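Novice: Below you'll find the structure I mean.
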Amino acid sequence: MDNQSIFQYSWEILPKKWVHKMKRLEHGNRSYTNTDYPFPLLFFLKWHTYTRVQVLIDICGVDHPSRKRRFEVVHNLLSTRYNSRIRVQTSADEVTRISPVVSLFPSAGRWEREV
């Protein structure tokens, strides 16, 4: 299964409340979710047969001071099975909590403490 097929299939099968926007890029796919759904979305991406993202490359944060939801948390993922990269982006304000994903990806512990 190629990257385009994975992208199309993921968009069709995912609950629309989990992902409000997806972009197909040359070097991977980008999904946008809100603060309630990063954990279920990452769980799906890790365990579904046609995505199988087993590697959390990193987690980073971006500050956009001019936005109402100024912080963006970005989970960069890799599916070694399908040679595909997926970026999950979540926007939040100063007080909204984003669920930790260390139970899915043990390597997330260090990154979550930094972000």
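Lettering and numbering for the structure tokens are positional, with chains as A, B, ... in the shown order, residues counted from 1 in each chain, and ligands counted from 1 in the shown order.
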Among chain A, which ones does DSSP place in strand (DSSP E), written as a PyMOL selection string?

Specialist: chain A and resi 21-25+28-33+55-63+71-79+84-92

Novice: Go through chain A and collect every residue that DSSP, computed from the backbone, puts in alpha helix (DSSP H); the answer should be as a list in words.

Specialist: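 So, restricting chain A to alpha helix (DSSP H), we get Asn3, Gln4, Ser5, Ile6, Phe7, Gln8, Tyr9, Ser10, Trp11, Glu12, Ile13, Pro38, Phe39, Pro40, Leu41, Leu42, Phe43, Phe44, Leu45, Lys46, Trp47, Ala108, Gly109, Arg110, Trp111, Glu112, Arg113 and Glu114 of chain A.
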
Novice: I need the residues from that last selection saved to file as a CSV table (one decimal), in the first residue's frame (with N, CA and C atoms), if you can.

Specialist:
chain,number,residue,atom,x,y,z
A,3,ASN,N,1.7,5.5,0.0
A,3,ASN,CA,1.4,6.6,0.9
A,3,ASN,C,0.0,7.3,0.6
A,4,GLN,N,-0.2,7.4,-0.7
A,4,GLN,CA,-1.5,8.1,-1.1
A,4,GLN,C,-2.7,7.2,-0.7
A,5,SER,N,-2.6,5.9,-0.9
A,5,SER,CA,-3.6,5.0,-0.5
A,5,SER,C,-3.9,5.0,1.0
A,6,ILE,N,-2.8,5.0,1.8
A,6,ILE,CA,-2.9,5.1,3.3
A,6,ILE,C,-3.6,6.4,3.6
A,7,PHE,N,-3.2,7.5,3.0
A,7,PHE,CA,-3.8,8.8,3.3
A,7,PHE,C,-5.3,8.8,3.0
A,8,GLN,N,-5.7,8.3,1.9
A,8,GLN,CA,-7.1,8.3,1.5
A,8,GLN,C,-7.9,7.4,2.4
A,9,TYR,N,-7.4,6.2,2.7
A,9,TYR,CA,-8.1,5.2,3.5
A,9,TYR,C,-8.2,5.8,4.9
A,10,SER,N,-7.2,6.4,5.5
A,10,SER,CA,-7.2,7.0,6.8
A,10,SER,C,-8.3,8.0,6.9
A,11,TRP,N,-8.3,8.9,5.9
A,11,TRP,CA,-9.3,10.0,5.9
A,11,TRP,C,-10.7,9.4,5.9
A,12,GLU,N,-11.0,8.4,5.1
A,12,GLU,CA,-12.3,7.8,5.0
A,12,GLU,C,-12.8,7.1,6.3
A,13,ILE,N,-11.9,6.4,6.9
A,13,ILE,CA,-12.3,5.6,8.1
A,13,ILE,C,-12.2,6.2,9.4
A,38,PRO,N,-6.0,13.6,20.6
A,38,PRO,CA,-4.7,13.1,20.1
A,38,PRO,C,-4.5,11.7,20.5
A,39,PHE,N,-4.8,11.3,21.8
A,39,PHE,CA,-4.6,9.9,22.2
A,39,PHE,C,-5.3,8.9,21.4
A,40,PRO,N,-6.7,9.0,21.2
A,40,PRO,CA,-7.4,8.0,20.4
A,40,PRO,C,-6.9,8.0,18.9
A,41,LEU,N,-6.5,9.1,18.4
A,41,LEU,CA,-6.0,9.2,17.0
A,41,LEU,C,-4.7,8.5,16.9
A,42,LEU,N,-3.8,8.7,17.9
A,42,LEU,CA,-2.5,8.1,17.8
A,42,LEU,C,-2.6,6.6,18.1
A,43,PHE,N,-3.6,6.2,19.0
A,43,PHE,CA,-3.8,4.8,19.2
A,43,PHE,C,-4.3,4.1,17.9
A,44,PHE,N,-5.2,4.7,17.2
A,44,PHE,CA,-5.6,4.2,15.9
A,44,PHE,C,-4.5,4.0,14.9
A,45,LEU,N,-3.7,5.1,14.8
A,45,LEU,CA,-2.6,5.1,13.8
A,45,LEU,C,-1.5,4.0,14.2
A,46,LYS,N,-1.4,3.8,15.5
A,46,LYS,CA,-0.4,2.8,15.9
A,46,LYS,C,-0.8,1.3,15.6
A,47,TRP,N,-2.1,1.1,15.8
A,47,TRP,CA,-2.6,-0.3,15.8
A,47,TRP,C,-3.4,-0.7,14.6
A,108,ALA,N,7.9,8.8,24.4
A,108,ALA,CA,7.3,10.1,24.5
A,108,ALA,C,7.6,10.8,25.9
A,109,GLY,N,7.9,10.0,26.9
A,109,GLY,CA,8.1,10.6,28.2
A,109,GLY,C,9.1,11.7,28.3
A,110,ARG,N,10.2,11.5,27.7
A,110,ARG,CA,11.2,12.6,27.6
A,110,ARG,C,10.7,13.8,26.9
A,111,TRP,N,10.1,13.6,25.7
A,111,TRP,CA,9.6,14.7,24.9
A,111,TRP,C,8.5,15.4,25.5
A,112,GLU,N,7.6,14.7,26.2
A,112,GLU,CA,6.5,15.4,26.9
A,112,GLU,C,6.9,16.3,28.0
A,113,ARG,N,8.0,15.9,28.7
A,113,ARG,CA,8.5,16.7,29.8
A,113,ARG,C,9.1,18.0,29.2
A,114,GLU,N,9.7,18.0,28.0
A,114,GLU,CA,10.3,19.1,27.4
A,114,GLU,C,9.3,20.1,26.8

Novice: Counting only C-alpha atoms, which residue out of A:Ser31, A:Val102, A:Val74, A:Tyr37 sits closest to Trp18 (chain A)?

Specialist: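 Among the listed residues, A:Tyr37 lies closest to Trp18 (chain A).
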
Novice: Here is a test: counting only C-alpha atoms, which residue of A:Arg30, A:Arg81, A:Arg24, A:His75 is nearest to Leu56 (chain A)?

Specialist: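 Counting only C-alpha atoms, the residue closest to Leu56 (chain A) is A:His75.
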
Novice: Can you pull out every residue within 8 Å of Thr90 (chain A), counting only C-alpha atoms, but drop anything in the same chain fewer than 4 positions away, and send it as a list in words?

Specialist: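 Listing them by chain and then by number gives Tyr32, Thr33, Asn34, Thr35, Pro38, Glu72, Val73 and Val74 of chain A.
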
Novice: Please dump the current selection as an mmCIF file, in the first residue's frame; keep N, CA and C atoms.

Specialist:
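Printed below is selection_5.cif as written:
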data_model
loop_
_atom_site.group_PDB
_atom_site.id
_atom_site.type_symbol
_atom_site.label_atom_id
_atom_site.label_comp_id
_atom_site.auth_asym_id
_atom_site.auth_seq_id
_atom_site.Cartn_x
_atom_site.Cartn_y
_atom_site.Cartn_z
ATOM 1 N N TYR A 32 -4.732 17.202 11.513
ATOM 2 C CA TYR A 32 -5.003 18.217 12.528
ATOM 3 C C TYR A 32 -6.138 17.725 13.420
ATOM 4 N N THR A 33 -5.909 17.720 14.718
ATOM 5 C CA THR A 33 -6.922 17.280 15.665
ATOM 6 C C THR A 33 -7.060 18.315 16.771
ATOM 7 N N ASN A 34 -8.140 18.196 17.565
ATOM 8 C CA ASN A 34 -8.268 19.127 18.685
ATOM 9 C C ASN A 34 -7.756 18.467 19.960
ATOM 10 N N THR A 35 -7.784 19.179 21.057
ATOM 11 C CA THR A 35 -7.124 18.722 22.285
ATOM 12 C C THR A 35 -7.764 17.493 22.922
ATOM 13 N N PRO A 38 -5.995 13.618 20.555
ATOM 14 C CA PRO A 38 -4.691 13.111 20.110
ATOM 15 C C PRO A 38 -4.455 11.662 20.530
ATOM 16 N N GLU A 72 0.970 24.919 19.590
ATOM 17 C CA GLU A 72 0.725 23.783 18.719
ATOM 18 C C GLU A 72 1.683 22.673 19.132
ATOM 19 N N VAL A 73 1.134 21.506 19.432
ATOM 20 C CA VAL A 73 1.943 20.339 19.776
ATOM 21 C C VAL A 73 1.944 19.425 18.558
ATOM 22 N N VAL A 74 3.128 19.022 18.135
ATOM 23 C CA VAL A 74 3.276 18.236 16.914
ATOM 24 C C VAL A 74 3.912 16.892 17.255
#

Novice: Between A:Pro65, A:Val55, A:His20, A:Tyr50, single out the one closest to Gln89 (chain A), counting only C-alpha atoms.

Specialist: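 Once distances to Gln89 (chain A) are computed over only C-alpha atoms, the minimum belongs to A:His20.
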
Novice: Out of A:Ala92, A:Leu25, A:Pro100, A:Ser84, which residue has the shortest atom-to-atom distance to Lys68 (chain A) when counting only C-alpha atoms?

Specialist: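 Checking each of A:Ala92, A:Leu25, A:Pro100, A:Ser84 against Lys68 (chain A), counting only C-alpha atoms, the winner is A:Ala92.
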
Novice: From the options A:Tyr82, A:His48, A:His64, A:Ile59, which residue's atoms come nearest to Glu94 (chain A), counting only C-alpha atoms?

Specialist: A:His64

Novice: For CA of Asn76 (chain A) and CA of Ser107 (chain A), quote the distance in Å rounded to one decimal.

Specialist: 12.2 Å

Novice: Using only C-alpha atoms, find the one residue out of A:Val19, A:Leu104, A:Ser91, A:Arg97 that sits nearest to Gly61 (chain A).

Specialist: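 Checking each of A:Val19, A:Leu104, A:Ser91, A:Arg97 against Gly61 (chain A), counting only C-alpha atoms, the winner is A:Ser91.
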